[in-house]
Structure formats: structure tokens, C-alpha cells
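Q: Structure: structure21.cif, mmCIF, C-alpha atoms.
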```cif
data_my_file
loop_
_atom_site.label_atom_id
_atom_site.label_comp_id
_atom_site.auth_asym_id
_atom_site.auth_seq_id
_atom_site.Cartn_x
_atom_site.Cartn_y
_atom_site.Cartn_z
CA MET A 1 153.36 153.46 72.05
CA LYS A 2 153.63 156.53 74.26
CA ARG A 3 157.13 157.27 75.45
CA GLY A 4 158.24 159.24 78.51
CA LYS A 5 159.77 162.71 78.35
CA LYS A 6 163.30 161.44 79.10
CA TYR A 7 163.11 158.86 76.32
CA THR A 8 161.80 161.45 73.84
CA GLU A 9 164.59 163.88 74.74
CA ALA A 10 167.21 161.11 74.43
CA ALA A 11 165.80 159.95 71.08
CA LYS A 12 166.27 163.46 69.63
CA GLN A 13 170.05 162.99 69.92
CA ILE A 14 170.00 159.97 67.61
CA ASP A 15 169.59 159.97 63.85
CA ARG A 16 167.43 156.91 63.16
CA ALA A 17 168.65 156.69 59.56
CA THR A 18 172.37 156.60 60.46
CA GLN A 19 174.45 153.49 61.12
CA TYR A 20 177.04 154.72 63.60
CA GLU A 21 180.57 153.43 64.01
CA VAL A 22 180.96 151.39 67.22
CA ALA A 23 182.73 154.10 69.26
CA ASP A 24 180.12 156.72 68.30
CA ALA A 25 177.23 154.34 68.99
CA VAL A 26 178.62 153.48 72.43
CA ALA A 27 179.09 157.19 73.26
CA LEU A 28 175.46 157.90 72.29
CA VAL A 29 174.12 154.96 74.31
CA LYS A 30 175.98 156.19 77.39
CA LYS A 31 174.72 159.73 76.81
CA THR A 32 171.10 158.58 76.54
CA ALA A 33 171.22 156.40 79.69
CA VAL A 34 169.34 158.77 82.00
CA ALA A 35 167.51 156.35 84.32
CA LYS A 36 168.13 156.55 88.07
CA PHE A 37 169.70 153.07 88.09
CA ASP A 38 172.76 151.65 86.32
CA GLU A 39 171.19 150.54 83.06
CA THR A 40 172.27 147.44 81.17
CA VAL A 41 173.63 148.03 77.67
CA GLU A 42 172.34 145.41 75.25
CA ALA A 43 173.20 144.43 71.70
CA HIS A 44 170.39 143.30 69.40
CA VAL A 45 171.74 141.58 66.28
CA ARG A 46 169.43 140.45 63.48
CA LEU A 47 171.10 137.72 61.44
CA GLY A 48 170.52 136.65 57.86
CA VAL A 49 169.82 133.05 58.82
CA ASP A 50 166.71 130.94 59.32
CA GLY A 51 166.81 129.42 62.79
CA ARG A 52 164.03 126.98 61.89
CA HIS A 53 166.68 124.96 60.06
CA ALA A 54 169.04 123.01 62.31
CA ASP A 55 172.04 123.82 60.09
CA GLN A 56 171.38 127.57 60.47
CA GLN A 57 171.17 127.70 64.25
CA VAL A 58 173.50 130.19 65.90
CA ARG A 59 174.18 129.40 69.52
CA GLY A 60 177.15 129.51 71.85
CA ALA A 61 178.84 131.42 74.63
CA VAL A 62 181.62 133.97 74.95
CA VAL A 63 183.50 135.51 77.89
CA LEU A 64 183.32 139.30 77.75
CA PRO A 65 186.71 140.84 78.69
CA HIS A 66 185.10 143.29 81.13
CA GLY A 67 182.22 141.12 82.32
CA THR A 68 178.58 142.20 82.30
CA GLY A 69 178.58 144.24 85.51
CA LYS A 70 176.01 141.85 86.93
CA SER A 71 176.74 139.33 89.64
CA VAL A 72 175.55 135.96 88.38
CA ARG A 73 174.27 133.20 90.67
CA VAL A 74 175.37 129.77 89.51
CA LEU A 75 173.71 126.45 90.36
CA VAL A 76 175.74 123.29 89.68
CA PHE A 77 174.29 119.79 89.42
CA ALA A 78 177.06 117.29 90.12
CA LYS A 79 178.12 114.50 92.46
CA GLY A 80 181.18 113.35 94.39
CA ASP A 81 184.38 115.37 93.96
CA LYS A 82 182.72 117.60 91.37
CA LEU A 83 180.50 119.13 94.07
CA THR A 84 183.56 120.28 96.02
CA GLU A 85 185.24 121.45 92.83
CA ALA A 86 182.20 123.59 91.97
CA GLU A 87 182.00 125.03 95.49
CA ASN A 88 185.69 125.93 95.49
CA ALA A 89 185.29 127.67 92.11
CA GLY A 90 182.61 129.93 93.57
CA ALA A 91 179.31 128.23 92.67
CA ASP A 92 176.43 129.70 94.69
CA PHE A 93 174.48 126.45 94.93
CA VAL A 94 175.54 122.83 94.40
CA GLY A 95 173.62 119.61 94.64
CA GLY A 96 171.97 116.69 92.91
CA GLU A 97 168.65 114.91 92.83
CA GLU A 98 167.51 116.46 96.12
CA LEU A 99 167.17 119.85 94.38
CA ILE A 100 164.57 118.59 91.87
CA PRO A 101 161.47 118.92 94.15
CA LYS A 102 162.72 122.29 95.44
CA ILE A 103 162.71 123.67 91.88
CA GLN A 104 159.76 121.66 90.53
CA ASN A 105 157.35 121.93 93.46
CA ASP A 106 158.49 124.93 95.49
CA GLY A 107 159.26 127.17 92.50
CA TRP A 108 162.82 127.92 93.67
CA PHE A 109 164.66 129.92 91.02
CA GLU A 110 167.25 131.95 92.91
CA PHE A 111 169.90 131.30 90.29
CA ASP A 112 170.77 132.76 86.87
CA VAL A 113 172.76 129.94 85.22
CA VAL A 114 172.65 126.16 85.60
CA VAL A 115 175.73 124.01 85.03
CA ALA A 116 175.62 120.20 85.05
CA THR A 117 178.07 117.35 84.62
CA PRO A 118 177.06 114.99 81.75
CA ASP A 119 176.26 112.17 84.21
CA MET A 120 173.65 114.43 85.87
CA MET A 121 171.75 115.31 82.69
CA GLY A 122 169.33 112.41 83.21
CA VAL A 123 168.30 114.05 86.49
CA VAL A 124 168.34 117.63 85.15
CA GLY A 125 166.32 116.51 82.10
CA ARG A 126 163.35 116.00 84.42
CA LEU A 127 163.35 119.79 84.91
CA GLY A 128 163.16 120.47 81.17
CA ARG A 129 159.60 121.80 81.37
CA VAL A 130 160.44 124.41 83.98
CA LEU A 131 164.04 125.27 83.06
CA GLY A 132 163.55 125.23 79.27
CA PRO A 133 161.08 128.13 78.95
CA LYS A 134 163.30 130.25 81.23
CA GLY A 135 166.36 129.58 79.07
CA LEU A 136 168.08 127.87 82.02
CA MET A 137 168.53 124.37 80.64
CA PRO A 138 172.24 123.38 80.57
CA ASN A 139 173.57 122.91 77.05
CA PRO A 140 176.89 121.50 75.75
CA LYS A 141 177.12 124.24 73.06
CA ALA A 142 176.99 126.91 75.75
CA GLY A 143 179.60 125.07 77.83
CA THR A 144 177.14 124.45 80.67
CA VAL A 145 177.22 120.65 80.33
CA THR A 146 180.79 119.75 81.20
CA MET A 147 182.99 117.70 83.51
CA ASP A 148 185.17 120.78 84.04
CA VAL A 149 182.70 122.46 86.40
CA ALA A 150 185.38 124.68 87.95
CA LYS A 151 186.23 126.32 84.61
CA ALA A 152 182.54 126.67 83.73
CA VAL A 153 181.78 128.44 87.03
CA GLU A 154 184.87 130.67 86.81
CA ASP A 155 184.04 131.69 83.21
CA ILE A 156 180.43 132.51 84.09
CA LYS A 157 181.50 134.55 87.11
CA ALA A 158 184.08 136.36 84.92
CA GLY A 159 181.41 137.53 82.48
CA LYS A 160 180.54 134.63 80.19
CA ILE A 161 177.31 135.21 78.31
CA GLU A 162 175.24 132.87 76.17
CA TYR A 163 173.88 133.89 72.80
CA ARG A 164 171.13 132.20 70.82
CA LEU A 165 168.64 133.12 68.12
CA ASP A 166 165.11 134.02 69.10
CA LYS A 167 162.12 133.20 66.85
CA ALA A 168 162.75 136.35 64.78
CA ASN A 169 166.42 135.34 64.18
CA ILE A 170 167.65 138.08 66.52
CA ILE A 171 170.30 137.66 69.19
CA HIS A 172 169.88 139.76 72.35
CA CYS A 173 172.92 140.02 74.65
CA PRO A 174 174.09 142.28 77.46
CA VAL A 175 177.48 143.88 76.80
CA GLY A 176 177.90 145.75 80.08
CA LYS A 177 176.44 148.57 82.15
CA ALA A 178 175.97 152.26 81.36
CA SER A 179 178.55 152.99 84.08
CA PHE A 180 181.26 151.14 82.09
CA SER A 181 183.77 153.25 80.18
CA GLU A 182 183.32 153.64 76.41
CA GLU A 183 186.43 151.49 75.87
CA GLN A 184 185.07 148.67 78.06
CA LEU A 185 181.72 148.65 76.28
CA SER A 186 183.37 148.78 72.83
CA GLU A 187 185.73 145.89 73.68
CA ASN A 188 182.87 143.78 75.07
CA PHE A 189 180.76 144.51 71.97
CA ASP A 190 183.67 143.67 69.63
CA THR A 191 184.19 140.36 71.47
CA LEU A 192 180.52 139.42 71.04
CA MET A 193 180.48 140.35 67.35
CA GLU A 194 183.68 138.39 66.67
CA ALA A 195 182.11 135.35 68.38
CA LEU A 196 179.04 135.69 66.14
CA VAL A 197 181.27 135.88 63.04
CA LYS A 198 182.96 132.61 64.09
CA ALA A 199 179.55 131.04 64.74
CA LYS A 200 178.28 131.84 61.23
CA PRO A 201 176.70 128.67 59.81
CA ALA A 202 178.30 127.37 56.60
CA SER A 203 174.83 127.24 55.03
CA ALA A 204 174.12 130.95 55.69
CA LYS A 205 173.90 132.81 52.39
CA GLY A 206 173.86 136.53 51.61
CA GLN A 207 174.23 139.28 54.19
CA TYR A 208 174.92 137.81 57.65
CA PHE A 209 174.46 140.92 59.82
CA LYS A 210 171.07 142.32 58.76
CA SER A 211 170.92 144.94 61.49
CA VAL A 212 172.84 145.69 64.68
CA THR A 213 171.49 147.94 67.42
CA LEU A 214 172.85 149.00 70.80
CA ALA A 215 170.52 150.27 73.51
CA CYS A 216 170.40 150.69 77.26
CA THR A 217 167.49 149.36 79.32
CA MET A 218 165.32 152.49 79.17
CA GLY A 219 166.88 154.25 76.19
CA PRO A 220 166.36 154.39 72.43
CA GLY A 221 168.21 152.08 70.05
CA VAL A 222 171.32 153.23 68.21
CA LYS A 223 172.07 151.51 64.90
CA VAL A 224 175.63 150.23 64.48
CA ASN A 225 177.45 149.85 61.18
CA PRO A 226 178.43 146.14 61.04
CA GLN A 227 180.77 146.63 58.04
CA LYS A 228 183.99 146.05 60.03
CA TYR A 229 182.78 142.57 61.06
CA ALA A 230 181.57 141.51 57.60
#
```
Show me this structure written as C-alpha cells.
A:
Amino acid sequence: MKRGKKYTEAAKQIDRATQYEVADAVALVKKTAVAKFDETVEAHVRLGVDGRHADQQVRGAVVLPHGTGKSVRVLVFAKGDKLTEAENAGADFVGGEELIPKIQNDGWFEFDVVVATPDMMGVVGRLGRVLGPKGLMPNPKAGTVTMDVAKAVEDIKAGKIEYRLDKANIIHCPVGKASFSEEQLSENFDTLMEALVKAKPASAKGQYFKSVTLACTMGPGVKVNPQKYA
């Protein structure tokens, strides 16, 4: 794969064989963020689990202390008082059954997270085919199926992120923007890693953190030493 000049120059600053301490890794990621826009800093964590087994699934959500730097649009499916509650908490869109055709037929996806009260999951379930592949389906483990819609909306707006294994048993999560300070990025990253430690399945054997990499949107990956979280 041919890389651009900026990427090649940035990659020269990183020793591919070294696992950097968190503070050093964050400093390098910031240094190699040379795009003209404010790049997202992402963590890619390969876990020593097999997500094909239900008892080795790793999934959940965590509120990053400094947020993600991205404004998140929240859609809430609810009824009655819960609609008002969601609106007052700052939800961007609220509604019920009337939103189904808008999403299903008109292809309306101007939202980033979907929250639903449990009594609305029968309705939301009809959108499984369109929301599922986009990773937008509400889920109790992620705290997006709840009666406390106000808290769910407030947490998401404050920087709550979801984490889940992909098919290669890797978790990909944003931990902030390149414009964040090194301290903010380090604290956000620590918070994510601590959440993953707590989410370790009891059936997981051997080394849990196989590899941990930090990278910005257009930059090269920097390997992180996961020893402090082991």
C-alpha cells in the first residue's frame, strides 16, 4: 500500500519494534498528526479472547473524562413522560413508531447513537436489519436500553463511548482529538483500558492484552506497552 509523503515522514519518528509507555505514545501520536483537520485519536486493542464464544464476548460502554471531542447526535425512542425527559436532557431527536418509516424507507440516519426505553424495543426491533449493520442497535450492555433516558443522553453527550469486539477480536475506540492535551488523551486512554480490564471474561485464559496501538486518523500506529494494566 503506497503511503503519502506526510505519513512516511511521520512513520520515521516511530520505532515499530518498541512498545512505548502511554505518555510517550500519546506524545508521538500528537506529533505525527499532521493533517489539515483535527484528527481523531483511536485506540486499537487486540484481546486474547475468542468472541465467537458467548462467554468470551467483551462489550460495554465507558464515559471518557474529557469526552471524545465530537458532538454526538442522539435519537431516543420512548413514549409519554420519557419523551419530555429525553428532550430536556438534550436528545437531538425523540419519537416512537412514527420514526420507523422515516428510517426504513427514507434512509434517514442523521444520528450517531440510538437510545430506547425497554417498552419500545418491540418497535425498534423492526429496524434491526438497518440499524444492526451500522452498529446503531440499542443494547442493554451498552446502557442504551434503559428507563433512565435522561442519564443515558447526558452520559453520551458527556463523552460515553461503546466498545465491542470486531471479528478479529480487536476493539477500536476513539479516545479524543489530536488537539487535546497529552494529559487529556492519557486520562481518556487509561479510563478505556481500565474499563476493558473490568470487562475481562472469567473464561479468558493467558495474555489478555495481545497488542495495543494508538493512532490518529491519518497517522501511523504507535504500539503501547500494556504492562501497567495487566
Q: Enumerate, as a list in words, the residues matched when the PyMOL selection byres ((chain A and resi 161) around 7) is run on the file above.
A: Ala61, Val62, Val63, Gly159, Lys160, Glu162 and Tyr163 of chain A
Q: Near region 19-35 of chain A, counting only C-alpha atoms, which residues have an atom at most 10 Å away, once you skip same-chain residues fewer than 3 positions from it, shown as a PyMOL selection string?
A: chain A and resi 6-7+9-16+38-42+177-187+189-190+211-228
Q: Hey, what comes out of the PyMOL selection byres ((chain A and resi 45-55) around 6) on this file? Could you write it as a PyMOL selection string?
A: chain A and resi 44+56-57+169-171+204+207-212
Q: Kindly indicate which residue among A:Ala116, A:Ala17, A:Val123, A:Ala158 lies nearest to Gly143 (chain A), using all atoms listed in the file for the distances.
A: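 Closest residue, counting all atoms listed in the file: A:Ala116.
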Q: Could you tell me which residues the PyMOL selection byres ((chain A and resi 89-103) around 6) grabs in this file, written as a VMD selection string?
A: chain A and resid 73 to 78 86 to 88 104 to 108 150
Q: Rounded to one decimal, what separation in Å do you get between CA of Thr84 (chain A) and CA of Val72 (chain A)?
A: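 Those two atoms sit 19.2 Å apart.
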Q: Could you pull the residues within 12 Å of Asn139 (chain A), counting only C-alpha atoms, minus those fewer than 2 positions along the same chain, as a ChimeraX atom specification?
A: /A:59-61,113-118,121,124-125,128,131-132,135-137,141-146,152,162-164
Q: Out of A:His172, A:Lys205, A:Lys157, A:Lys200, which residue has the shortest atom-to-atom distance to Gly67 (chain A) when counting all atoms listed in the file?
A: A:Lys157
Q: Quick one, how far is CA of Pro174 (chain A) from CA of Phe111 (chain A)?
A: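 Atom-to-atom, CA of Pro174 (chain A) to CA of Phe111 (chain A), that is 17.4 Å.
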Q: Just checking: using only C-alpha atoms, which residue out of A:Ala43, A:Val130, A:Lys36, A:Met147 ends up closest to Gly80 (chain A)?
A: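 Closest to Gly80 (chain A), using only C-alpha atoms: A:Met147.
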Q: Enter the distance from CA of Met193 (chain A) to CA of Thr18 (chain A), in Å, rounded to one decimal.
A: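 Calculated distance between CA of Met193 (chain A) and CA of Thr18 (chain A) is 19.4 Å.
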Q: Could I get region 199-220 of chain A from the block written as a compact mmCIF listing (two decimals), in the first residue's frame, with N, CA and C atoms?
A:
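Saved the output as decode-v4.txt:
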```
# COMPACT_ATOMS: atom_id res chain seq x y z
N ALA A 199 -13.92 -5.61 32.22
CA ALA A 199 -14.80 -6.39 31.34
C ALA A 199 -14.20 -7.74 30.95
N LYS A 200 -13.02 -8.05 31.48
CA LYS A 200 -12.34 -9.30 31.09
C LYS A 200 -13.22 -10.50 31.45
N PRO A 201 -13.52 -11.35 30.47
CA PRO A 201 -14.36 -12.51 30.77
C PRO A 201 -13.63 -13.50 31.69
N ALA A 202 -14.39 -14.12 32.59
CA ALA A 202 -13.79 -15.08 33.53
C ALA A 202 -13.16 -16.25 32.79
N SER A 203 -13.69 -16.55 31.59
CA SER A 203 -13.18 -17.71 30.84
C SER A 203 -11.94 -17.38 30.00
N ALA A 204 -11.53 -16.09 29.98
CA ALA A 204 -10.35 -15.72 29.18
C ALA A 204 -9.09 -16.24 29.85
N LYS A 205 -8.30 -16.97 29.07
CA LYS A 205 -7.07 -17.56 29.61
C LYS A 205 -5.85 -16.91 28.92
N GLY A 206 -4.72 -16.96 29.63
CA GLY A 206 -3.48 -16.45 29.02
C GLY A 206 -3.45 -14.94 28.97
N GLN A 207 -2.65 -14.42 28.05
CA GLN A 207 -2.44 -12.97 27.95
C GLN A 207 -3.71 -12.29 27.44
N TYR A 208 -4.20 -11.31 28.19
CA TYR A 208 -5.47 -10.63 27.83
C TYR A 208 -5.21 -9.55 26.77
N PHE A 209 -4.24 -8.67 27.03
CA PHE A 209 -3.92 -7.62 26.05
C PHE A 209 -2.83 -8.13 25.12
N LYS A 210 -3.22 -8.57 23.93
CA LYS A 210 -2.27 -9.10 22.95
C LYS A 210 -1.46 -7.96 22.31
N SER A 211 -2.14 -6.92 21.92
CA SER A 211 -1.43 -5.75 21.38
C SER A 211 -2.30 -4.52 21.55
N VAL A 212 -1.66 -3.39 21.81
CA VAL A 212 -2.38 -2.13 22.00
C VAL A 212 -1.68 -1.07 21.14
N THR A 213 -2.46 -0.41 20.31
CA THR A 213 -1.90 0.60 19.41
C THR A 213 -2.71 1.88 19.50
N LEU A 214 -2.03 3.01 19.47
CA LEU A 214 -2.69 4.31 19.38
C LEU A 214 -2.35 4.91 18.02
N ALA A 215 -3.32 5.54 17.39
CA ALA A 215 -3.06 6.19 16.10
C ALA A 215 -4.05 7.30 15.87
N CYS A 216 -3.65 8.31 15.12
CA CYS A 216 -4.63 9.33 14.72
C CYS A 216 -5.13 8.96 13.32
N THR A 217 -6.19 9.61 12.89
CA THR A 217 -6.90 9.24 11.67
C THR A 217 -5.97 8.97 10.48
N MET A 218 -5.05 9.88 10.22
CA MET A 218 -4.19 9.76 9.04
C MET A 218 -2.77 9.35 9.36
N GLY A 219 -2.50 9.06 10.63
CA GLY A 219 -1.12 8.81 11.03
C GLY A 219 -0.79 7.34 11.26
N PRO A 220 0.49 7.06 11.45
CA PRO A 220 0.92 5.68 11.71
C PRO A 220 0.59 5.24 13.12
```
